[in-house]
file protein36.cif (mmCIF, C-alpha atoms, pLDDT in the B column; chains and numbers go by the auth columns)
data_query
#
loop_
_atom_site.group_PDB
_atom_site.id
_atom_site.type_symbol
_atom_site.label_atom_id
_atom_site.label_comp_id
_atom_site.label_asym_id
_atom_site.label_seq_id
_atom_site.Cartn_x
_atom_site.Cartn_y
_atom_site.Cartn_z
_atom_site.B_iso_or_equiv
_atom_site.auth_seq_id
_atom_site.auth_asym_id
ATOM 1 C CA MET A 1 29.756 -43.630 -34.586 53.00 51 A
ATOM 2 C CA ALA A 2 32.793 -45.627 -35.538 58.00 52 A
ATOM 3 C CA ILE A 3 33.213 -46.624 -39.170 61.00 53 A
ATOM 4 C CA ASP A 4 34.990 -49.915 -39.546 70.00 54 A
ATOM 5 C CA SER A 5 35.147 -50.704 -43.199 82.00 55 A
ATOM 6 C CA TYR A 6 35.457 -49.230 -46.620 86.00 56 A
ATOM 7 C CA SER A 7 32.100 -50.733 -47.599 86.00 57 A
ATOM 8 C CA GLU A 8 30.334 -48.767 -44.846 87.00 58 A
ATOM 9 C CA ILE A 9 31.915 -45.565 -46.079 88.00 59 A
ATOM 10 C CA MET A 10 30.813 -46.298 -49.639 89.00 60 A
ATOM 11 C CA GLU A 11 27.257 -47.082 -48.450 90.00 61 A
ATOM 12 C CA MET A 12 27.084 -43.775 -46.543 90.00 62 A
ATOM 13 C CA GLN A 13 28.328 -41.943 -49.630 91.00 63 A
ATOM 14 C CA ARG A 14 25.717 -43.645 -51.808 92.00 64 A
ATOM 15 C CA GLN A 15 22.936 -42.674 -49.358 93.00 65 A
ATOM 16 C CA ALA A 16 24.176 -39.072 -49.285 93.00 66 A
ATOM 17 C CA MET A 17 24.180 -38.913 -53.085 93.00 67 A
ATOM 18 C CA LYS A 18 20.647 -40.309 -53.130 93.00 68 A
ATOM 19 C CA ARG A 19 19.445 -37.677 -50.625 92.00 69 A
ATOM 20 C CA ALA A 20 21.121 -34.909 -52.662 93.00 70 A
ATOM 21 C CA GLY A 21 19.386 -36.157 -55.810 91.00 71 A
ATOM 22 C CA ASP A 22 16.014 -36.238 -54.028 91.00 72 A
ATOM 23 C CA ILE A 23 16.487 -32.679 -52.829 90.00 73 A
ATOM 24 C CA SER A 24 17.462 -31.566 -56.334 89.00 74 A
ATOM 25 C CA ARG A 25 14.354 -33.188 -57.857 88.00 75 A
ATOM 26 C CA GLN A 26 12.142 -31.570 -55.223 87.00 76 A
ATOM 27 C CA GLU A 27 13.638 -28.157 -55.967 86.00 77 A
ATOM 28 C CA LYS A 28 13.073 -28.572 -59.704 84.00 78 A
ATOM 29 C CA GLN A 29 9.463 -29.621 -59.091 82.00 79 A
ATOM 30 C CA VAL A 30 8.836 -26.599 -56.902 79.00 80 A
ATOM 31 C CA VAL A 31 10.340 -24.257 -59.507 77.00 81 A
ATOM 32 C CA LYS A 32 8.053 -25.698 -62.208 76.00 82 A
ATOM 33 C CA ASN A 33 4.898 -25.318 -60.118 76.00 83 A
ATOM 34 C CA GLU A 34 5.866 -22.087 -58.443 69.00 84 A
ATOM 35 C CA THR A 35 3.944 -18.895 -59.036 64.00 85 A
ATOM 36 C CA PRO A 36 5.500 -15.564 -58.163 64.00 86 A
ATOM 37 C CA PRO A 37 4.956 -14.938 -54.468 64.00 87 A
ATOM 38 C CA GLN A 38 2.726 -12.057 -53.496 69.00 88 A
ATOM 39 C CA PRO A 39 4.439 -9.555 -51.223 69.00 89 A
ATOM 40 C CA LYS A 40 3.190 -9.864 -47.684 70.00 90 A
ATOM 41 C CA PRO A 41 2.568 -6.739 -45.652 65.00 91 A
ATOM 42 C CA VAL A 42 5.181 -6.353 -42.975 67.00 92 A
ATOM 43 C CA TYR A 43 2.604 -5.216 -40.446 70.00 93 A
ATOM 44 C CA ASN A 44 -0.951 -4.026 -40.445 70.00 94 A
ATOM 45 C CA TYR A 45 -0.555 -0.260 -40.235 68.00 95 A
ATOM 46 C CA THR A 46 -3.292 2.099 -41.200 71.00 96 A
ATOM 47 C CA PRO A 47 -2.452 5.795 -41.067 70.00 97 A
ATOM 48 C CA ARG A 48 -4.770 7.953 -39.027 76.00 98 A
ATOM 49 C CA GLU A 49 -5.915 11.459 -39.679 78.00 99 A
ATOM 50 C CA PRO A 50 -3.542 13.935 -38.050 75.00 100 A
ATOM 51 C CA LYS A 51 -4.929 15.742 -35.044 77.00 101 A
ATOM 52 C CA HIS A 52 -4.821 19.502 -35.314 75.00 102 A
ATOM 53 C CA THR A 53 -4.761 21.556 -32.170 75.00 103 A
ATOM 54 C CA SER A 54 -5.564 25.196 -32.427 76.00 104 A
ATOM 55 C CA LEU A 55 -3.472 27.690 -30.503 72.00 105 A
ATOM 56 C CA PRO A 56 -5.034 29.661 -27.671 72.00 106 A
ATOM 57 C CA VAL A 57 -6.397 33.005 -28.704 74.00 107 A
ATOM 58 C CA ASN A 58 -5.201 35.101 -25.781 76.00 108 A
ATOM 59 C CA ILE A 59 -1.478 34.416 -25.619 73.00 109 A
ATOM 60 C CA PRO A 60 0.315 36.904 -23.396 74.00 110 A
ATOM 61 C CA LYS A 61 3.017 38.870 -25.113 76.00 111 A
ATOM 62 C CA ARG A 62 6.554 38.001 -24.201 74.00 112 A
ATOM 63 C CA GLN A 63 8.517 40.646 -22.458 74.00 113 A
ATOM 64 C CA GLU A 64 11.838 40.894 -24.135 70.00 114 A
ATOM 65 C CA GLU A 65 14.812 41.233 -21.881 67.00 115 A
ATOM 66 C CA ILE A 66 17.364 43.751 -22.943 65.00 116 A
ATOM 67 C CA LYS A 67 20.766 42.197 -22.685 66.00 117 A
ATOM 68 C CA GLU A 68 23.821 44.306 -22.664 65.00 118 A
ATOM 69 C CA GLU A 69 26.354 42.935 -25.046 62.00 119 A
ATOM 70 C CA LYS A 70 29.921 42.925 -23.889 61.00 120 A
ATOM 71 C CA GLN A 71 32.129 45.050 -25.971 56.00 121 A
ATOM 72 C CA LEU A 72 34.907 43.036 -27.501 50.00 122 A
ATOM 73 C CA SER A 73 38.112 44.454 -26.282 55.00 123 A
ATOM 74 C CA ALA A 74 41.709 43.441 -26.550 54.00 124 A
ATOM 75 C CA PRO A 75 42.477 40.559 -24.167 64.00 125 A
ATOM 76 C CA ASP A 76 44.587 41.281 -21.169 79.00 126 A
ATOM 77 C CA ALA A 77 48.257 40.373 -21.182 82.00 127 A
ATOM 78 C CA ASP A 78 47.825 36.888 -19.665 81.00 128 A
ATOM 79 C CA ARG A 79 45.165 35.845 -22.153 84.00 129 A
ATOM 80 C CA ALA A 80 47.222 37.169 -25.052 85.00 130 A
ATOM 81 C CA MET A 81 50.244 35.220 -23.859 86.00 131 A
ATOM 82 C CA ILE A 82 48.247 31.979 -23.480 85.00 132 A
ATOM 83 C CA LEU A 83 46.724 32.435 -26.943 87.00 133 A
ATOM 84 C CA SER A 84 50.142 32.960 -28.500 89.00 134 A
ATOM 85 C CA ILE A 85 51.499 29.879 -26.686 89.00 135 A
ATOM 86 C CA LEU A 86 48.498 27.895 -27.952 89.00 136 A
ATOM 87 C CA LEU A 87 49.194 28.910 -31.549 90.00 137 A
ATOM 88 C CA LEU A 88 52.884 28.134 -31.208 91.00 138 A
ATOM 89 C CA LEU A 89 52.245 24.716 -29.650 90.00 139 A
ATOM 90 C CA LYS A 90 49.634 23.868 -32.287 90.00 140 A
ATOM 91 C CA ASN A 91 52.106 24.660 -35.082 91.00 141 A
ATOM 92 C CA GLU A 92 54.754 22.525 -33.376 90.00 142 A
ATOM 93 C CA GLY A 93 52.395 19.538 -33.172 89.00 143 A
ATOM 94 C CA ALA A 94 51.881 19.497 -29.400 88.00 144 A
ATOM 95 C CA ASP A 95 49.671 17.036 -27.561 90.00 145 A
ATOM 96 C CA GLU A 96 45.968 17.795 -27.953 89.00 146 A
ATOM 97 C CA MET A 97 45.315 17.323 -24.240 91.00 147 A
ATOM 98 C CA LEU A 98 47.788 20.110 -23.463 88.00 148 A
ATOM 99 C CA LEU A 99 46.071 22.390 -25.960 89.00 149 A
ATOM 100 C CA LEU A 100 42.668 21.599 -24.461 89.00 150 A
ATOM 101 C CA ALA A 101 43.989 22.305 -20.975 88.00 151 A
ATOM 102 C CA LEU A 102 45.225 25.711 -22.082 85.00 152 A
ATOM 103 C CA LEU A 103 41.892 26.433 -23.734 85.00 153 A
ATOM 104 C CA TYR A 104 40.186 25.490 -20.477 86.00 154 A
ATOM 105 C CA ILE A 105 42.291 28.055 -18.649 83.00 155 A
ATOM 106 C CA LEU A 106 41.145 30.714 -21.122 81.00 156 A
ATOM 107 C CA ALA A 107 37.459 29.958 -20.587 76.00 157 A
#

call {"tool": "encode", "arguments": {"input": "protein36.cif", "output": "structure tokens"}}
result
Amino acid sequence: MAIDSYSEIMEMQRQAMKRAGDISRQEKQVVKNETPPQPKPVYNYTPREPKHTSLPVNIPKRQEEIKEEKQLSAPDADRAMILSILLLLKNEGADEMLLLALLYILA
């Protein structure tokens, strides 16, 4: 839409001002006649009674497996050396990927 003259621009501005005034009057009218809106339920949810299931009476007893716990002993020389290198590198600010790789070797 090409606008050719100043008078057309002024006419469009006048129409816009009129529409803005109409909207403003409508808003004021709605505010006067408006009653507080009642909250609408988000969805129709009705809670149900929880279902209770009783446990069976004759549950077999669990046989406990006896696991032998490993005695914690001093690590062998290689593990001790890798652990000391890990601590040294950590204190020096080494790359985390290198530290993780060394930890992987220990596992």

call {"tool": "residues_around", "arguments": {"input": "protein36.cif", "residues": "Leu156 of chain A", "least_positions_apart": "4", "cutoff": "8 Å", "atoms": "all atoms listed in the file", "output": "ChimeraX atom specification"}}
result
/A:129,132,152

call {"tool": "atom_distance", "arguments": {"input": "protein36.cif", "atom1": "atom CA of Ser57 of chain A", "atom2": "atom CA of Arg75 of chain A"}}
result
27.0 Å

call {"tool": "atom_distance", "arguments": {"input": "protein36.cif", "atom1": "atom CA of Ile135 of chain A", "atom2": "atom CA of Leu153 of chain A"}}
result
10.6 Å

call {"tool": "atom_distance", "arguments": {"input": "protein36.cif", "atom1": "atom CA of Met131 of chain A", "atom2": "atom CA of Leu148 of chain A"}}
result
15.3 Å

call {"tool": "build_atoms", "arguments": {"input": "protein36.cif", "residues": "segment 104-115 of chain A", "atoms": "all heavy atoms", "output": "PDB file, in the coordinates of the input"}}
result
ATOM      1  N   SER A 104      -5.647  23.759 -32.179  1.00 76.00           N
ATOM      2  CA  SER A 104      -5.564  25.196 -32.427  1.00 76.00           C
ATOM      3  C   SER A 104      -4.872  25.862 -31.241  1.00 76.00           C
ATOM      4  O   SER A 104      -4.966  25.413 -30.102  1.00 76.00           O
ATOM      5  CB  SER A 104      -6.953  25.781 -32.638  1.00 76.00           C
ATOM      6  OG  SER A 104      -7.729  25.547 -31.478  1.00 76.00           O
ATOM      7  N   LEU A 105      -4.179  26.947 -31.541  1.00 72.00           N
ATOM      8  CA  LEU A 105      -3.472  27.690 -30.503  1.00 72.00           C
ATOM      9  C   LEU A 105      -4.466  28.534 -29.712  1.00 72.00           C
ATOM     10  O   LEU A 105      -5.501  28.953 -30.232  1.00 72.00           O
ATOM     11  CB  LEU A 105      -2.415  28.588 -31.138  1.00 72.00           C
ATOM     12  CG  LEU A 105      -1.257  27.865 -31.819  1.00 72.00           C
ATOM     13  CD1 LEU A 105      -0.364  28.889 -32.511  1.00 72.00           C
ATOM     14  CD2 LEU A 105      -0.450  27.089 -30.808  1.00 72.00           C
ATOM     15  N   PRO A 106      -4.132  28.804 -28.444  1.00 72.00           N
ATOM     16  CA  PRO A 106      -5.034  29.661 -27.671  1.00 72.00           C
ATOM     17  C   PRO A 106      -5.080  31.070 -28.258  1.00 72.00           C
ATOM     18  O   PRO A 106      -4.111  31.548 -28.836  1.00 72.00           O
ATOM     19  CB  PRO A 106      -4.430  29.666 -26.263  1.00 72.00           C
ATOM     20  CG  PRO A 106      -3.110  29.004 -26.370  1.00 72.00           C
ATOM     21  CD  PRO A 106      -3.038  28.291 -27.668  1.00 72.00           C
ATOM     22  N   VAL A 107      -6.197  31.698 -28.102  1.00 74.00           N
ATOM     23  CA  VAL A 107      -6.397  33.005 -28.704  1.00 74.00           C
ATOM     24  C   VAL A 107      -5.693  34.102 -27.905  1.00 74.00           C
ATOM     25  O   VAL A 107      -5.114  35.027 -28.465  1.00 74.00           O
ATOM     26  CB  VAL A 107      -7.908  33.307 -28.821  1.00 74.00           C
ATOM     27  CG1 VAL A 107      -8.147  34.696 -29.394  1.00 74.00           C
ATOM     28  CG2 VAL A 107      -8.580  32.254 -29.660  1.00 74.00           C
ATOM     29  N   ASN A 108      -5.721  34.018 -26.610  1.00 76.00           N
ATOM     30  CA  ASN A 108      -5.201  35.101 -25.781  1.00 76.00           C
ATOM     31  C   ASN A 108      -3.826  34.740 -25.202  1.00 76.00           C
ATOM     32  O   ASN A 108      -3.672  34.559 -24.012  1.00 76.00           O
ATOM     33  CB  ASN A 108      -6.184  35.434 -24.667  1.00 76.00           C
ATOM     34  CG  ASN A 108      -6.587  34.191 -23.891  1.00 76.00           C
ATOM     35  OD1 ASN A 108      -6.178  33.093 -24.223  1.00 76.00           O
ATOM     36  ND2 ASN A 108      -7.381  34.374 -22.860  1.00 76.00           N
ATOM     37  N   ILE A 109      -2.842  34.704 -26.058  1.00 73.00           N
ATOM     38  CA  ILE A 109      -1.478  34.416 -25.619  1.00 73.00           C
ATOM     39  C   ILE A 109      -0.873  35.708 -25.096  1.00 73.00           C
ATOM     40  O   ILE A 109      -0.892  36.728 -25.789  1.00 73.00           O
ATOM     41  CB  ILE A 109      -0.627  33.875 -26.782  1.00 73.00           C
ATOM     42  CG1 ILE A 109      -1.226  32.585 -27.312  1.00 73.00           C
ATOM     43  CG2 ILE A 109       0.809  33.672 -26.343  1.00 73.00           C
ATOM     44  CD1 ILE A 109      -0.526  32.052 -28.528  1.00 73.00           C
ATOM     45  N   PRO A 110      -0.311  35.668 -23.888  1.00 74.00           N
ATOM     46  CA  PRO A 110       0.315  36.904 -23.396  1.00 74.00           C
ATOM     47  C   PRO A 110       1.587  37.197 -24.174  1.00 74.00           C
ATOM     48  O   PRO A 110       2.303  36.297 -24.593  1.00 74.00           O
ATOM     49  CB  PRO A 110       0.625  36.593 -21.923  1.00 74.00           C
ATOM     50  CG  PRO A 110       0.619  35.120 -21.824  1.00 74.00           C
ATOM     51  CD  PRO A 110      -0.275  34.605 -22.913  1.00 74.00           C
ATOM     52  N   LYS A 111       1.832  38.488 -24.362  1.00 76.00           N
ATOM     53  CA  LYS A 111       3.017  38.870 -25.113  1.00 76.00           C
ATOM     54  C   LYS A 111       4.247  38.664 -24.253  1.00 76.00           C
ATOM     55  O   LYS A 111       4.234  38.884 -23.047  1.00 76.00           O
ATOM     56  CB  LYS A 111       2.924  40.329 -25.552  1.00 76.00           C
ATOM     57  CG  LYS A 111       1.872  40.550 -26.597  1.00 76.00           C
ATOM     58  CD  LYS A 111       1.921  41.949 -27.122  1.00 76.00           C
ATOM     59  CE  LYS A 111       0.877  42.109 -28.211  1.00 76.00           C
ATOM     60  NZ  LYS A 111       0.920  43.436 -28.796  1.00 76.00           N
ATOM     61  N   ARG A 112       5.299  38.261 -24.896  1.00 74.00           N
ATOM     62  CA  ARG A 112       6.554  38.001 -24.201  1.00 74.00           C
ATOM     63  C   ARG A 112       7.271  39.317 -23.972  1.00 74.00           C
ATOM     64  O   ARG A 112       7.383  40.141 -24.872  1.00 74.00           O
ATOM     65  CB  ARG A 112       7.424  37.057 -25.036  1.00 74.00           C
ATOM     66  CG  ARG A 112       8.733  36.708 -24.387  1.00 74.00           C
ATOM     67  CD  ARG A 112       9.473  35.723 -25.211  1.00 74.00           C
ATOM     68  NE  ARG A 112       9.798  36.307 -26.509  1.00 74.00           N
ATOM     69  CZ  ARG A 112      10.623  35.758 -27.384  1.00 74.00           C
ATOM     70  NH1 ARG A 112      11.172  34.613 -27.128  1.00 74.00           N
ATOM     71  NH2 ARG A 112      10.872  36.344 -28.527  1.00 74.00           N
ATOM     72  N   GLN A 113       7.746  39.453 -22.755  1.00 74.00           N
ATOM     73  CA  GLN A 113       8.517  40.646 -22.458  1.00 74.00           C
ATOM     74  C   GLN A 113       9.965  40.355 -22.796  1.00 74.00           C
ATOM     75  O   GLN A 113      10.563  39.434 -22.258  1.00 74.00           O
ATOM     76  CB  GLN A 113       8.387  41.024 -20.991  1.00 74.00           C
ATOM     77  CG  GLN A 113       6.983  41.421 -20.603  1.00 74.00           C
ATOM     78  CD  GLN A 113       6.909  41.724 -19.121  1.00 74.00           C
ATOM     79  OE1 GLN A 113       7.858  41.581 -18.396  1.00 74.00           O
ATOM     80  NE2 GLN A 113       5.718  42.142 -18.694  1.00 74.00           N
ATOM     81  N   GLU A 114      10.471  41.130 -23.701  1.00 70.00           N
ATOM     82  CA  GLU A 114      11.838  40.894 -24.135  1.00 70.00           C
ATOM     83  C   GLU A 114      12.803  41.525 -23.155  1.00 70.00           C
ATOM     84  O   GLU A 114      12.633  42.669 -22.736  1.00 70.00           O
ATOM     85  CB  GLU A 114      12.057  41.468 -25.527  1.00 70.00           C
ATOM     86  CG  GLU A 114      11.241  40.758 -26.582  1.00 70.00           C
ATOM     87  CD  GLU A 114      11.535  41.291 -27.962  1.00 70.00           C
ATOM     88  OE1 GLU A 114      12.617  41.864 -28.171  1.00 70.00           O
ATOM     89  OE2 GLU A 114      10.672  41.129 -28.834  1.00 70.00           O
ATOM     90  N   GLU A 115      13.788  40.728 -22.780  1.00 67.00           N
ATOM     91  CA  GLU A 115      14.812  41.233 -21.881  1.00 67.00           C
ATOM     92  C   GLU A 115      15.896  41.911 -22.713  1.00 67.00           C
ATOM     93  O   GLU A 115      16.311  41.395 -23.744  1.00 67.00           O
ATOM     94  CB  GLU A 115      15.425  40.091 -21.082  1.00 67.00           C
ATOM     95  CG  GLU A 115      14.453  39.403 -20.169  1.00 67.00           C
ATOM     96  CD  GLU A 115      15.097  38.251 -19.423  1.00 67.00           C
ATOM     97  OE1 GLU A 115      16.336  38.183 -19.374  1.00 67.00           O
ATOM     98  OE2 GLU A 115      14.355  37.414 -18.911  1.00 67.00           O
TER      99      GLU A 115
END
